[in-house]
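Trainee: My questions all concern the structure below.
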Amino acid sequence: MVSRKPRVAILGVAIDNLTMDEVLDRVEAQIAEGGFHQIATANVDFLMGSVRDEELHETLCRCDLVLADGMPVVWASRLLGTGLKERVTGVDLVPRLAELSARRGYRIFLLGAKEKSSAGTAAWMQKNYPGSCIAGRYSPEYEPLEEMDHEDILSRIEAARPDILLVAFGNPKQEKWLAMHRHRLKVPVCIGVGGTFDFLSGNISRAPLWMQRRGLEWLYRTLQEPSRLAMRYATNAAGLIRYLPVQVVAMAVQAKRSSKANITKEVVGSATVLRIDGDFTGSLLERFEAEGRHAIRSGSHVVLDMSKTVYIGADALGTLMDMLKVARHWKRDFWLAGLHPVLHRVIRAAQLGPSFRIAPKVAEALRRIEPEPSPVTLTGKDWGVCRIGGVLIPIHFQEVPDVYRQVQQLLNQRVTVEPGAGMWSSDRDTEISIQKLPPVLVGREDGMGAEQGVRAQYPGSAAAVSGYGRKPAFVNSTFTAVE
């Protein structure tokens, strides 16, 4: 996986803090890695859309890169105390990608916009960057997302085999379209570029450079298309005025320490508890991300103990969002625990309250992590292990089918045992002696019965055995078989 840089969370959207050159380096790394990577160029319209549209918010959270497309986004980051290095707009990025294509031979596919803009962009690329490779282009008729001929579009892209896919459907349609087909698209770099083709083709003129540098491009565009853009920009400005000051104030009232912050780690069962003492920002983030990613990829759930955290920066919020994405990818739980009310307000003000699982204490988060079976794993020619109560128990591979059949029999008959009872009973009046269960169920070699064996070795714990891709069975400390 391509390594990450810190992100800055602004109103629920984590913006990557990268320069244009760093973005291009990341694009090349993604092409070398292969697979699918989605990049979004986010302006104020994206931020406000994310607040109102849960699907768009989730899509942006899953993007591999989210770039600051506009000076208002950069200014917002500075108000939050963690300034972005620079803006990286789609209309500035695409020419650099064309130059990269001419130099490295990367294949580019142009999707969307009107035919005139698409053809004009292809001609502009080949004129200004001779040797740039346009693998294909297609401008489908405008239709709502649900009514588009997706198969036709995907077939064209697959036949062209591009390295870079530029999608000009407009926000949020282009982001949702890419997310919809992320498992089908085999394009290493996919970018929503909005109206970029209109600018590069010359169909719409761009604001003078001095207006771009002063963040006044929106004013120039409003004067060009007042009927289409005036209301949009006014609505976005009103939303920014409503939501951004809340996050700014919430960040400002935190009590920042001058002493060095620290992070400690503790493994508790199937979870790793990371404790943040002091300010959660700056240089501490790199270590936190390394510890968190290592724990998740090792199969552990992660609980972040913030009971001694006094400050959380916008860069830390961005890192938390990235860690949440990693945890979801690996199907691990990621919890925040012990937050003081001030920190809780920061998370809510950043429009991230619904995104995270939050518990009042670490113990509560650990209790709410679902127990799960560990698959039998071969450790040698003849032996594997199963986990019981968090302990790995040796098991001979020849005994695995017998163990699984016994547990499966409990499931099929919905067998239960009352505390202190000496026999199993079921709804079918079937009786099975506990002592007849194979000792290997609890990894004992002394022939001790299953119930006594589990309770003797692992009091109060849960036992779980999984059988080679079959449905796992759980047996708890009172020996009630559940599905």
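Order determines the names: the first chain of the structure tokens is A, the second B, and so forth; residues in each chain are numbered 1 upward, and ligands are numbered 1 upward as they are shown.
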Do a neighbour search on A:Phe356 at 10 Å with only C-alpha atoms, toss out local chain neighbours closer than 3 positions, and write the hits as a list in words.
Mentor: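 Selected residues are Leu320, Met321, Leu324, Phe334, Trp335, Leu336, Ile347, Leu352, Gly353 and Ala359 of chain A.
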Trainee: Would you please extract all strand (DSSP E or B) residues from stretch 284-324 of chain A, as assigned by DSSP on the backbone, and give them as a list of chain:residue names?
Mentor: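 For stretch 284-324 of chain A, the strand (DSSP E or B) set is A:His301, A:Val302, A:Val303, A:Leu304, A:Asp305, A:Thr309, A:Val310, A:Tyr311, A:Ile312.
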Trainee: If you count only C-alpha atoms, which residues fall within 9 Å of A:Asn128, apart from same-chain ones fewer than 6 positions away, as a PyMOL selection string?
Mentor: chain A and resi 95+98-99
Trainee: For A:Val94, please output as a VMD selection string all residues within 12 Å (counting only C-alpha atoms; exclusion window: fewer than 4 positions along the same chain).
Mentor: chain A and resid 20 23 to 24 27 41 88 to 90 98 to 101 108 to 110 121 to 122 124 to 125 129 132 164 to 168 190 to 197 199 to 200
Trainee: Find, counting only C-alpha atoms, the residue in A:Gly202, A:Gly49, A:Pro6, A:Pro188 that gets nearest to A:Thr235.
Mentor: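 The closest residue to A:Thr235 is A:Gly49.
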Trainee: From the DSSP assignment of the backbone, select every residue of stretch 99-296 of chain A that is helix (DSSP H, G or I), and format the answer as number ranges by chain.
Mentor: A: 99-104, 115-128, 145-147, 150-160, 173-180, 196-200, 209-213, 217-224, 226-252, 284-296
Trainee: Contacts of A:Arg137 at 8 Å or less, counting only C-alpha atoms, minus same-chain residues fewer than 2 places along, as a ChimeraX atom specification?
Mentor: /A:109-111,118,134-135,139
Trainee: Restricted to C-alpha atoms, what would the selected residues look like written as a PDB file, in the first residue's frame?
Mentor:
ATOM      1  CA  PHE A 109      -8.763   8.040 -20.716  1.00  0.00           C
ATOM      2  CA  LEU A 110     -11.063  11.082 -20.846  1.00  0.00           C
ATOM      3  CA  LEU A 111     -14.611  10.379 -19.655  1.00  0.00           C
ATOM      4  CA  SER A 118     -13.487  16.274 -24.583  1.00  0.00           C
ATOM      5  CA  ILE A 134      -4.770   9.419 -24.984  1.00  0.00           C
ATOM      6  CA  ALA A 135      -5.925   5.801 -24.646  1.00  0.00           C
ATOM      7  CA  SER A 139     -18.770  11.666 -23.716  1.00  0.00           C
TER       8      SER A 139
END
Trainee: Nearest residue to A:His181 out of A:Ile153, A:Ala159, A:Leu11, A:Ala271, using only C-alpha atoms?
Mentor: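 Of A:Ile153, A:Ala159, A:Leu11, A:Ala271, the one nearest A:His181 is A:Ile153, counting only C-alpha atoms.
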Trainee: I'd like the neighbourhood of A:Ser50 as a VMD selection string, where a residue qualifies if any of its atoms comes within 9 Å (using only C-alpha atoms), though same-chain residues fewer than 5 positions away should be ignored.
Mentor: chain A and resid 11 to 13 45 55 to 58 60
Trainee: Write the residues of the selection above to a file with C-alpha atoms, as a PDB file, in the first residue's frame.
Mentor:
ATOM      1  CA  LEU A  11     -15.930  19.753   8.286  1.00  0.00           C
ATOM      2  CA  GLY A  12     -15.772  15.974   8.012  1.00  0.00           C
ATOM      3  CA  VAL A  13     -13.470  15.811   4.964  1.00  0.00           C
ATOM      4  CA  ASP A  45     -18.889  22.698  -2.707  1.00  0.00           C
ATOM      5  CA  GLU A  55     -23.164   8.958   0.706  1.00  0.00           C
ATOM      6  CA  LEU A  56     -20.790  11.643  -0.567  1.00  0.00           C
ATOM      7  CA  HIS A  57     -19.166  11.886   2.861  1.00  0.00           C
ATOM      8  CA  GLU A  58     -18.575   8.137   2.928  1.00  0.00           C
ATOM      9  CA  LEU A  60     -14.720  10.993   0.241  1.00  0.00           C
TER      10      LEU A  60
END
Trainee: Just to confirm, what's the straight-line distance from atom CA of A:Phe288 to atom CA of A:Leu274 in Å (one decimal)?
Mentor: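 One can read the atom CA of A:Phe288 to atom CA of A:Leu274 distance as 8.0 Å.
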Trainee: Stretch 240-253 of chain A: which residues within 12 Å, counting only C-alpha atoms, same-chain residues fewer than 4 positions away excluded, as a ChimeraX atom specification?
Mentor: /A:9-12,43-52,72-73,75-82,233-236,281,310-317,341-352
Trainee: With C-alpha atoms kept, could you save the residues just selected as a compact mmCIF listing (two decimals), in the first residue's frame?
Mentor:
# COMPACT_ATOMS: atom_id res chain seq x y z
CA ALA A 9 -9.94 17.31 8.70
CA ILE A 10 -12.19 20.19 7.66
CA LEU A 11 -15.93 19.75 8.29
CA GLY A 12 -15.77 15.97 8.01
CA ASN A 43 -13.52 22.64 -2.95
CA VAL A 44 -16.10 24.33 -0.70
CA ASP A 45 -18.89 22.70 -2.71
CA PHE A 46 -17.49 19.30 -1.68
CA LEU A 47 -17.31 20.30 1.99
CA MET A 48 -20.91 21.47 2.07
CA GLY A 49 -22.08 18.49 0.03
CA SER A 50 -20.38 16.16 2.49
CA VAL A 51 -22.25 17.77 5.41
CA ARG A 52 -25.61 17.29 3.67
CA PRO A 72 -10.90 28.86 0.67
CA VAL A 73 -10.07 25.29 1.69
CA TRP A 75 -7.62 29.33 4.41
CA ALA A 76 -9.98 27.14 6.43
CA SER A 77 -7.12 24.80 7.34
CA ARG A 78 -5.07 27.73 8.61
CA LEU A 79 -7.93 28.90 10.80
CA LEU A 80 -8.01 25.40 12.32
CA GLY A 81 -4.33 25.60 13.24
CA THR A 82 -2.89 23.16 10.70
CA TYR A 233 -21.75 29.90 -4.38
CA ALA A 234 -24.11 31.82 -2.12
CA THR A 235 -25.45 28.59 -0.60
CA ASN A 236 -21.94 27.24 -0.07
CA THR A 281 -1.04 16.54 17.06
CA VAL A 310 -5.89 17.49 26.39
CA TYR A 311 -5.72 18.68 22.78
CA ILE A 312 -6.59 17.16 19.41
CA GLY A 313 -5.50 18.94 16.25
CA ALA A 314 -7.15 19.07 12.85
CA ASP A 315 -4.23 16.97 11.60
CA ALA A 316 -4.99 14.35 14.27
CA LEU A 317 -8.64 14.26 13.20
CA PRO A 341 -16.35 16.88 26.93
CA VAL A 342 -14.12 19.45 25.21
CA LEU A 343 -12.67 16.80 22.90
CA HIS A 344 -16.10 15.38 22.26
CA ARG A 345 -17.25 18.81 21.12
CA VAL A 346 -14.27 19.06 18.77
CA ILE A 347 -15.24 15.80 17.07
CA ARG A 348 -18.89 16.83 16.76
CA ALA A 349 -17.96 20.30 15.46
CA ALA A 350 -15.78 18.67 12.81
CA GLN A 351 -18.89 16.78 11.57
CA LEU A 352 -17.30 13.47 12.62
Trainee: Of the candidates A:Pro208, A:Gly299, A:Gly170, A:Pro140, which shows the shortest atom-to-atom distance to A:Lys331, using only C-alpha atoms?
Mentor: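 Using only C-alpha atoms, the shortest distance to A:Lys331 belongs to A:Gly299.
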